[in-house]
Amino acid sequence: MAAPLVLGVLVAVTVRAVLYRSSLAAFISDRVEVSSPLSAWKRVVEGLSLLDLGVSPYSGDIFHETPLIIYLFHFLIEYAELVFMITDVLTAVALYLAIQDFNKVVFKKQKLLIELDKYAADVAELIRTPIEMHYIPLKVALFYLLNPYTVMSCVAKSTCAINNTIIAFFFLATMKGSAFLSAIFLALATYQSLYPLTLFAPALLYLLQRQFIPVKLKSKGFWIYTTQYAALYLCSLVVIICLSFFLLSSWDFIPSVYGFILSVPDLTPNIGLFWYFFAEMFEHFSLFFVCVFQINVFFYTIPLAVKLKEHPIFFMFVQIAIISIFKSYPTVGDIALYMAFLPVWSHLYRFLRNIFILSCMLIVCSLLFPVLWHLWIYAGSANSNFYYAITLTFNVGQVESDLQPSMEISTAARVEHGLGSQELVHTMKAVLWRQNPVCEALL
């Protein structure tokens with residue numbers, strides 16, 4: 001499996017290197033779908049210029065990245081292209097390793113349920129075989145590396161790529177069962193863009209499962225472990241924020257980064273839902289609806305935690321998708337991260353409806369973004385309504401493509417209920433336990 005992954009990495013790096021040297025690099029960097037006021041490379045360069053002049057990069061209204069990012073590129077500015085290519089590769093490798101561990105957990109769970117004769121007779125098609133599961137980590141890694149959204153984000157040098165790397169390592173640490181590293185990477189992700197705070201719940205649920213601690217409010221073990229994980233997370237976050245203060249000797253970054261994310265003062269068009277809505281709104285209603293829009297990102301966490309507490313990894317996928325759709329300044333790089341997880345639930349594709357229409361919707365919208373932008377900004381033959389209409393269509397397609405697997409995961413849960421027939425059990429034992437290297441690798 002290592003050889004195909006290495007080949008995929010070489011192809012991905014080659015594509016990025018060629019695009020960096022082409023005339024398309026400048027065009028991609030200026031696209032509002034790829035770079036936002038938070039993640040645009042031009043703003044990072046501007047912040048670095050201010051820092052070199054001895055002026056706080058947060059003194060104006062240009063730079064809104066975190067202090068750790070600006071100090072990272074203060075030393076690596078000449079190797080920026082290499083840094084972004086490495087971050088993409090690290091993200092893909094982290095996802096690959098994490099999904100490998102996830103497959104092992106799923107396979108062992110299936111083995112146990114088969115031995116206990118817990119499978120219902122009508123759910124054989126939902127049971128994943130070793131051959132199917134063997135290639136899923138590679139598909140996930142390649143889905144991320146070769147996704148056009150990821151490539152464009154890397155070529156534009158959008159700092160969203162760094163956020164994705166941190167989230168990928170958080171996911172890997174969680175899958176490995178390391179509460180300490182999981183809390184640190186979650187704190188880093190929250191420090192970078194605030195919204196990953198919602199990933200606390202699925203990570204905690206998965207870690208509780210690994211420790212065989214029941215998710216019950218009356219359970220003492222549940223509260224002890226939750227308190228420990230929350231303390232690790234909060235302490236890590238405090239340390240990172242204090243480190244930022246010592247680097248800048250100022251707290252200016254807090255309103256410039258987090259205040260900017262929450263108050264949404266820059267209404268530059270993007271693929272999100274905020275900009276047009278607040279551009280058309282009366283000023284005295286703005287604060288109320290900003291609060292409503294921001295709460296929307298966090299609102300789904302509790303009901304999803306109740307509904308998907310037995311499926312914390314799928315819960316994590318849904319939360320990442322919600323963040324990428326409803327955050328204040330989304331880019332295509334955010335979408336690329338959750339799209340990489342789609343092969344993990346490929347066994348549910350047969351239950352999805354209108355998958356061809358949804359795929360065409362996302363592809364066509366992606367192609368129409370620059371067309372309608374040109375008609376609006378340069379040709380003057382369209383207006384902002386055209387661009388926002390395609391933005392709404394694109395987000396509706398995302399919501400629908402994420403909602404359908406969420407509904408069908410309950411179908412997959414039927415695997416764990418009911419009594420299976422002896423014929424089914426013997427058949428699945430033969431499938432799962434035939435002597436082959438794939439089966440041995442999963443065990």
# chains A, B, ... in the order shown; residues from 1 in each chain; ligands from 1
>>> residues_around(residues="segment 82-92 of chain A", least_positions_apart="6", cutoff="8 Å", atoms="only C-alpha atoms", output="list in words")
Val9, Val13, Arg16, Leu76, Val140, Ala141, Leu142, Tyr144, Leu145, Thr150, Cys154, Lys157, Ala161, Ile162, Asn164, Thr165, Ile166, Ala168 and Phe169 of chain A
>>> closest_atom_pairs(of="segment 219-295 of chain A", to="segment 373-392 of chain A", cutoff="10 Å", atoms="only C-alpha atoms", output="JSON lines")
{"residue": "A:Pro269", "atom": "CA", "partner": "A:Tyr388", "partner_atom": "CA", "distance": 8.4}
{"residue": "A:Asn270", "atom": "CA", "partner": "A:Thr391", "partner_atom": "CA", "distance": 8.1}
{"residue": "A:Ile271", "atom": "CA", "partner": "A:Thr391", "partner_atom": "CA", "distance": 5.5}
{"residue": "A:Gly272", "atom": "CA", "partner": "A:Thr391", "partner_atom": "CA", "distance": 7.0}
{"residue": "A:Leu273", "atom": "CA", "partner": "A:Leu392", "partner_atom": "CA", "distance": 7.3}
{"residue": "A:Trp275", "atom": "CA", "partner": "A:Tyr388", "partner_atom": "CA", "distance": 9.0}
{"residue": "A:Tyr276", "atom": "CA", "partner": "A:Tyr388", "partner_atom": "CA", "distance": 6.8}
{"residue": "A:Phe277", "atom": "CA", "partner": "A:Tyr388", "partner_atom": "CA", "distance": 9.3}
>>> residues_around(residues="Ser346 of chain A", least_positions_apart="6", cutoff="10 Å", atoms="only C-alpha atoms", output="ChimeraX atom specification")
/A:128,132-133,136,405
>>> write_last_selection(atoms="N, CA and C atoms", output="PDB file, in the first residue's frame")
ATOM      1  N   ARG A 128     -18.804  -4.722   5.769  1.00  0.00           N
ATOM      2  CA  ARG A 128     -17.643  -4.438   4.933  1.00  0.00           C
ATOM      3  C   ARG A 128     -16.636  -5.579   4.996  1.00  0.00           C
ATOM      4  N   GLU A 132     -12.636  -4.682   0.612  1.00  0.00           N
ATOM      5  CA  GLU A 132     -13.212  -3.342   0.467  1.00  0.00           C
ATOM      6  C   GLU A 132     -12.497  -2.336   1.363  1.00  0.00           C
ATOM      7  N   MET A 133     -12.234  -2.745   2.593  1.00  0.00           N
ATOM      8  CA  MET A 133     -11.661  -1.831   3.575  1.00  0.00           C
ATOM      9  C   MET A 133     -10.179  -1.568   3.335  1.00  0.00           C
ATOM     10  N   ILE A 136      -9.529   1.714   1.353  1.00  0.00           N
ATOM     11  CA  ILE A 136     -10.164   2.960   1.794  1.00  0.00           C
ATOM     12  C   ILE A 136      -9.149   4.006   2.255  1.00  0.00           C
ATOM     13  N   PRO A 405     -25.988  10.960   3.795  1.00  0.00           N
ATOM     14  CA  PRO A 405     -25.262   9.948   4.581  1.00  0.00           C
ATOM     15  C   PRO A 405     -25.649   9.964   6.055  1.00  0.00           C
TER      16      PRO A 405
END
>>> closest_residue(among="A:Ala187, A:Phe75, A:Val215, A:Arg210", to="Cys235 of chain A", atoms="only C-alpha atoms")
A:Ala187
>>> residues_around(residues="Ile99 of chain A", least_positions_apart="3", cutoff="8 Å", atoms="only C-alpha atoms", output="MDAnalysis selection string")
chainID A and resid 95:96 102:103 136:137 140 344
>>> write_last_selection(atoms="N, CA, C and O atoms", output="short mmCIF file (atom, residue, chain, number, x, y, z; two decimals), in the first residue's frame")
data_model
loop_
_atom_site.label_atom_id
_atom_site.label_comp_id
_atom_site.auth_asym_id
_atom_site.auth_seq_id
_atom_site.Cartn_x
_atom_site.Cartn_y
_atom_site.Cartn_z
N LEU A 95 -4.35 11.47 7.44
CA LEU A 95 -5.66 10.87 7.16
C LEU A 95 -5.53 9.40 6.82
O LEU A 95 -6.34 8.57 7.24
N TYR A 96 -4.51 9.06 6.05
CA TYR A 96 -4.25 7.67 5.68
C TYR A 96 -4.06 6.79 6.92
O TYR A 96 -4.69 5.73 7.06
N PHE A 102 -9.03 3.32 12.00
CA PHE A 102 -10.49 3.25 12.05
C PHE A 102 -10.99 1.94 11.45
O PHE A 102 -11.90 1.30 12.00
N ASN A 103 -10.39 1.52 10.34
CA ASN A 103 -10.79 0.26 9.71
C ASN A 103 -10.53 -0.94 10.62
O ASN A 103 -11.32 -1.89 10.66
N ILE A 136 -9.53 1.71 1.35
CA ILE A 136 -10.16 2.96 1.79
C ILE A 136 -9.15 4.01 2.26
O ILE A 136 -9.25 5.18 1.87
N PRO A 137 -8.14 3.68 3.08
CA PRO A 137 -7.16 4.71 3.48
C PRO A 137 -6.46 5.36 2.28
O PRO A 137 -6.26 6.58 2.28
N VAL A 140 -8.86 7.78 0.60
CA VAL A 140 -9.00 9.01 1.38
C VAL A 140 -7.81 9.93 1.14
O VAL A 140 -7.98 11.14 0.90
N VAL A 344 -14.81 6.67 3.16
CA VAL A 344 -14.93 5.86 4.38
C VAL A 344 -16.32 5.22 4.47
O VAL A 344 -16.47 4.11 4.98
#
>>> select_by_dssp(residues="segment 107-210 of chain A", states="helix (DSSP H, G or I)", output="number ranges by chain")
A: 107-115, 124-126, 130-134, 136-145, 148-155, 160-176, 179-193, 195-210
>>> closest_residue(among="A:Glu81, A:Leu181, A:Ser153, A:Asp252", to="Ser56 of chain A", atoms="only C-alpha atoms")
A:Asp252
>>> residues_around(residues="segment 287-295 of chain A", least_positions_apart="6", cutoff="8 Å", atoms="only C-alpha atoms", output="list of chain:residue names")
A:Leu262, A:Ser263, A:Val264, A:Phe274, A:Phe326, A:Lys327, A:Ser328
>>> write_last_selection(atoms="all heavy atoms", output="compact mmCIF listing (two decimals), in the first residue's frame")
# COMPACT_ATOMS: atom_id res chain seq x y z
N LEU A 262 -16.00 36.48 14.29
CA LEU A 262 -17.35 36.48 14.86
C LEU A 262 -18.22 37.65 14.40
O LEU A 262 -19.42 37.50 14.22
CB LEU A 262 -17.26 36.49 16.39
CG LEU A 262 -16.67 35.22 17.04
CD1 LEU A 262 -16.51 35.41 18.54
CD2 LEU A 262 -17.55 34.01 16.75
N SER A 263 -17.61 38.82 14.20
CA SER A 263 -18.41 40.00 13.85
C SER A 263 -18.60 40.16 12.34
O SER A 263 -19.47 40.92 11.90
CB SER A 263 -17.77 41.27 14.42
OG SER A 263 -16.46 41.45 13.89
N VAL A 264 -17.79 39.51 11.53
CA VAL A 264 -17.90 39.50 10.07
C VAL A 264 -17.96 40.93 9.50
O VAL A 264 -18.93 41.29 8.81
CB VAL A 264 -19.13 38.69 9.59
CG1 VAL A 264 -18.94 38.23 8.15
CG2 VAL A 264 -19.40 37.50 10.47
N PHE A 274 -22.73 34.47 4.49
CA PHE A 274 -22.81 35.70 5.27
C PHE A 274 -22.83 36.97 4.42
O PHE A 274 -23.61 37.88 4.68
CB PHE A 274 -21.61 35.77 6.23
CG PHE A 274 -21.74 34.94 7.47
CD1 PHE A 274 -21.62 33.56 7.41
CD2 PHE A 274 -21.96 35.52 8.71
CE1 PHE A 274 -21.73 32.77 8.55
CE2 PHE A 274 -22.07 34.75 9.86
CZ PHE A 274 -21.95 33.37 9.77
N PHE A 326 -21.00 26.62 7.02
CA PHE A 326 -21.63 27.72 7.75
C PHE A 326 -20.65 28.68 8.43
O PHE A 326 -21.10 29.62 9.09
CB PHE A 326 -22.59 27.16 8.80
CG PHE A 326 -23.76 26.43 8.22
CD1 PHE A 326 -23.90 25.07 8.39
CD2 PHE A 326 -24.72 27.10 7.49
CE1 PHE A 326 -24.98 24.38 7.86
CE2 PHE A 326 -25.81 26.42 6.94
CZ PHE A 326 -25.94 25.06 7.13
N LYS A 327 -19.36 28.48 8.28
CA LYS A 327 -18.41 29.43 8.88
C LYS A 327 -18.50 30.77 8.15
O LYS A 327 -19.00 30.85 7.02
CB LYS A 327 -17.00 28.86 8.84
CG LYS A 327 -16.42 28.72 7.45
CD LYS A 327 -15.09 27.96 7.47
CE LYS A 327 -14.00 28.71 8.21
NZ LYS A 327 -12.69 28.06 8.06
N SER A 328 -17.96 31.82 8.77
CA SER A 328 -18.14 33.16 8.21
C SER A 328 -17.31 33.41 6.96
O SER A 328 -17.74 34.16 6.07
CB SER A 328 -17.81 34.21 9.28
OG SER A 328 -16.55 33.95 9.88
>>> closest_atom_pairs(of="segment 84-181 of chain A", to="segment 34-53 of chain A", cutoff="9 Å", atoms="only C-alpha atoms", output="JSON lines")
{"residue": "A:Tyr149", "atom": "CA", "partner": "A:Val34", "partner_atom": "CA", "distance": 7.9}
{"residue": "A:Met152", "atom": "CA", "partner": "A:Val34", "partner_atom": "CA", "distance": 6.8}
{"residue": "A:Ser153", "atom": "CA", "partner": "A:Val34", "partner_atom": "CA", "distance": 5.7}
{"residue": "A:Ala156", "atom": "CA", "partner": "A:Val34", "partner_atom": "CA", "distance": 7.0}
{"residue": "A:Lys157", "atom": "CA", "partner": "A:Trp41", "partner_atom": "CA", "distance": 5.7}
{"residue": "A:Ser158", "atom": "CA", "partner": "A:Ser39", "partner_atom": "CA", "distance": 5.2}
{"residue": "A:Thr159", "atom": "CA", "partner": "A:Ser39", "partner_atom": "CA", "distance": 4.9}
{"residue": "A:Cys160", "atom": "CA", "partner": "A:Ser39", "partner_atom": "CA", "distance": 6.0}
>>> atom_distance(atom1="atom CA of Leu194 of chain A", atom2="atom CA of Ser286 of chain A")
20.9 Å
>>> closest_residue(among="A:Leu362, A:Ala321, A:Ile28, A:Ala17", to="Leu342 of chain A", atoms="only C-alpha atoms")
A:Ala321
>>> closest_residue(among="A:Ser401, A:Leu97, A:Thr331, A:Thr226", to="Ile355 of chain A", atoms="only C-alpha atoms")
A:Ser401
>>> atom_distance(atom1="atom CA of Ala340 of chain A", atom2="atom CA of Pro370 of chain A")
23.8 Å
>>> closest_residue(among="A:Val318, A:Tyr229, A:Lys309, A:Pro265", to="Lys216 of chain A", atoms="only C-alpha atoms")
A:Lys309
